Structures are given as C-alpha cells and as structure tokens.
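So the structure is just underneath, and the comments pick up after that.
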Amino acid sequence: MKYIDEFQDPELARRLLDDIARTVTRPWAMMEVCGGQTHSIIRHGIDQLLPEDIELIHGPGCPVCVTPLEVIDKALEIASRPGVIFCSFGDMLRVPGTDRDLFRVKSEGGDVRVVYSPLDALRIARQTPDRQVVFFGVGFETTAPAIAMTAHQARRLGVKNFSLLVSHVRVPPAIEAIMRSPDCRVQAFLAAGHVCSVMGTGEYPGLADTYRVPIVVTGFEPLDILEGIRRAVRQLERGEHRVENAYPRAVRAQGNQVALEVLKEVFTTTDRAWRGIGTIADSGWRLSDAYRDYDAEHRFDVTGPAAEEPAVCRSGEVLQGLVKPYECAAFGTACTPRTPLGATMVSSEGACAAYYLYRRIATPRTEETTSVD
C-alpha cells in the first residue's frame, strides 16, 4: 500500500489498518483536534490508507491559526512602538494581521525578535532595563505552563519592564462548541496527547457522556494515530462513548500537578475569540488580577475595532472542519505559504499548509491515491 513503508513499523501499521477495515461496517466521521496530528496524517497519507467509510475531519488545534485577528493587530501595534522589544515564537511572525505582519513591522524598524522560550524574553528584559520587553504568549494548554512560570519568575525577581500579550486557548470548550454547532458531523474525537499530558483527562468524560462521542487521547506518530483511530472505530461500532487513553507513555489521568499549580496561580479562565470561529465561553486564559501589572494589553492600553478576514479566505471553515483546504478557491493560487491569506496557510500546524506542503493539489480519493504498490 502507498505510504506504508514509510512507517516506523510497517507490519504493525498493516495490522492496525486491517483491524480497522474488519471492524468498520458503516461511514464514520472523526476529528483529530491537534494540528500536529493533522500534519502527520497528511504527510504519511493516513487519510488515504483508511477504509473509504472513515473520514478524518481536521479540527481547530493549531494555536497560531486560532489566534484572533484583533490580537494579531494588537501585537503589531505594540511591536511598532518606540522603546519596545517584541519577542515571539517564529511561527507568529508571518501570520497576517489586517494589513501587515510582524516581519513587516521588523522591516520598518521595529525591534521584533524570535525567541525559543518565554524565559529568553525575560532574560532580554533583565539585560535591557531601559526598554519594554513584551512576549507574545499564544497556544493551547501545552505552552501555557512555561509562560505562566515566566510570569511567576518575573514577579519573583521584580522585573518591571517585562509583560505578556496573552492569547491562550483551551481544548475542551472548543470540543463542546464544535458539538453544539448545527453543522457538526463529528462522531468521535482524537484528543491531543500533549494537552492531556499537562491537563490530564478529567474534563473529557463529561463531554463524552453529554454528546455521546468517543474521545481517544492520541499521540502524534503515525502508529499512535492509527491506534487512536482503531479504538475510536471500535467504540463507534459498539455504540460506546468513553474516554480512552491510547497514549499512556505520556499521559496520566491526573495530568502534571506542578504545571497545574502554576497555571492556577497565574491565569484565570476567560471567554476567548478564536480566529475564524468566534467567541467561545471560558475557552481561554488571561493573566489573573495578581499578575495584572504584567499584562501587555493593560500596560500599553491597546484597543481597536474588530477586524475581518479576507472574504475569499475560508480558513474559519477549515478550522471548524466544515471544508477541506482544497475546497477553498484561493488555496494554492491567491493563498500560498509565500502569500498567505489566512493563518492556516502560515503555521507549521495549519491544515492548509499541510495540504500545500505534502499534497500540492489535494482532491478527494482517487484510484491513484489508493493504489497498491
């Protein structure tokens, strides 16, 4: 079969695929939540290897992609100010705002720096006490502990010229919002293993029971994903809706207690806007009142009108799993990694970037894509 020999253990991959094929008796649609899983699926052709009756729907689990346009515009406004050193992970620099991106701000003279850890930004702040240093904190529950710890350290050390522009989001409320949508076709979820390694699995049983959907915690390697799909299909065929941990080497039910404690100290939950999706109640974190002095939005008093995505861009529908990237008329033409219209084409975890990189012209299953070597 095409792609199989690229797997770490091709024989195990064949056994998993055979078991899935023997189990499935009717069409099922399941969503992988994480953008890292989406890239692994497309890169290794997992969606092409599965039986025709199984559809994988790509979810909103790309942190760069779901950062709302208005927050990007706030980042651009702060980064453009004199005396500011604006620090960010590299994948945020090309995410388009209303009329430019952070690379453009840098080319216009803004001091925009790529860092590999929020602690790097704190170090810069301590080395340059005459400048305001801002770190752009985005992501899901996986990156939040490091950013929370950095805020904790800044407060402990009394660093006054450091602040955070925070746009963190949480997975469980997003799953609930997806299931409440009248257009929802999702019948099972592959939950992101790295999120659960931090948070544990405690928030998922209620979702599985309320919406009667299997939720399988899954890793990111191709074999991990196939095992997650296998377990989800078994539950669907049996009419079950449980939470299963298919990633026990990294995930414990109770999560990481040290990380949870620092999150509780530094952050509080808040309603959060998701790019292309809208506002989801209690789906994000903001700095708690005790850390208000480290909130860049408060420090720089940045406000602005709500921004709108380009009309031709369907990244919001891609993030909701309503369309595949190739169903957008701009995909691969007006919108490419070099000239992105939406964040899903920019991010290393974006679905549009995955299809462009690994499957240049993506179409529904054809004889060619399902051929046997």
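Residue numbering restarts at 1 for every chain of the structure tokens, chains are lettered A, B, ... in their displayed order, and ligands are numbered from 1 as they appear.
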Which residues are close to region 40-57 of chain A, i.e. within 6 Å by only C-alpha atoms, leaving aside same-chain residues fewer than 4 positions away? Reply as a ChimeraX atom specification.
/A:21,27-31,321,358
Which residues, written as a list in words, have at least one atom at most 9 Å from Gly219 (chain A), with only C-alpha atoms counted and residues fewer than 3 positions away on the same chain left out?
Gln37, Leu190, Ala191, Ala192, Gly193, His194, Pro222, Leu223, Asp224, Ile225, Gly228, Ala246, Tyr247 and Ala250 of chain A
Determine the nearest neighbour of Thr210 (chain A) from the options A:Met179, A:Thr38, A:Glu237, A:Val186, counting only C-alpha atoms.
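Closest to Thr210 (chain A) of all the choices is A:Met179.
Shell of Pro173 (chain A) at 8 Å, with only C-alpha atoms counted and residues fewer than 5 places along the chain excluded, is Ile280, Ala281, Asp282 and Ser283 of chain A.
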Residues as selected, C-alpha atoms, written as a CSV table (one decimal), in the first residue's frame, can you do that?
```csv
chain,number,residue,atom,x,y,z
A,280,ILE,CA,-16.2,30.5,22.9
A,281,ALA,CA,-17.2,30.9,26.6
A,282,ASP,CA,-14.4,30.0,29.1
A,283,SER,CA,-12.2,28.8,26.3
```
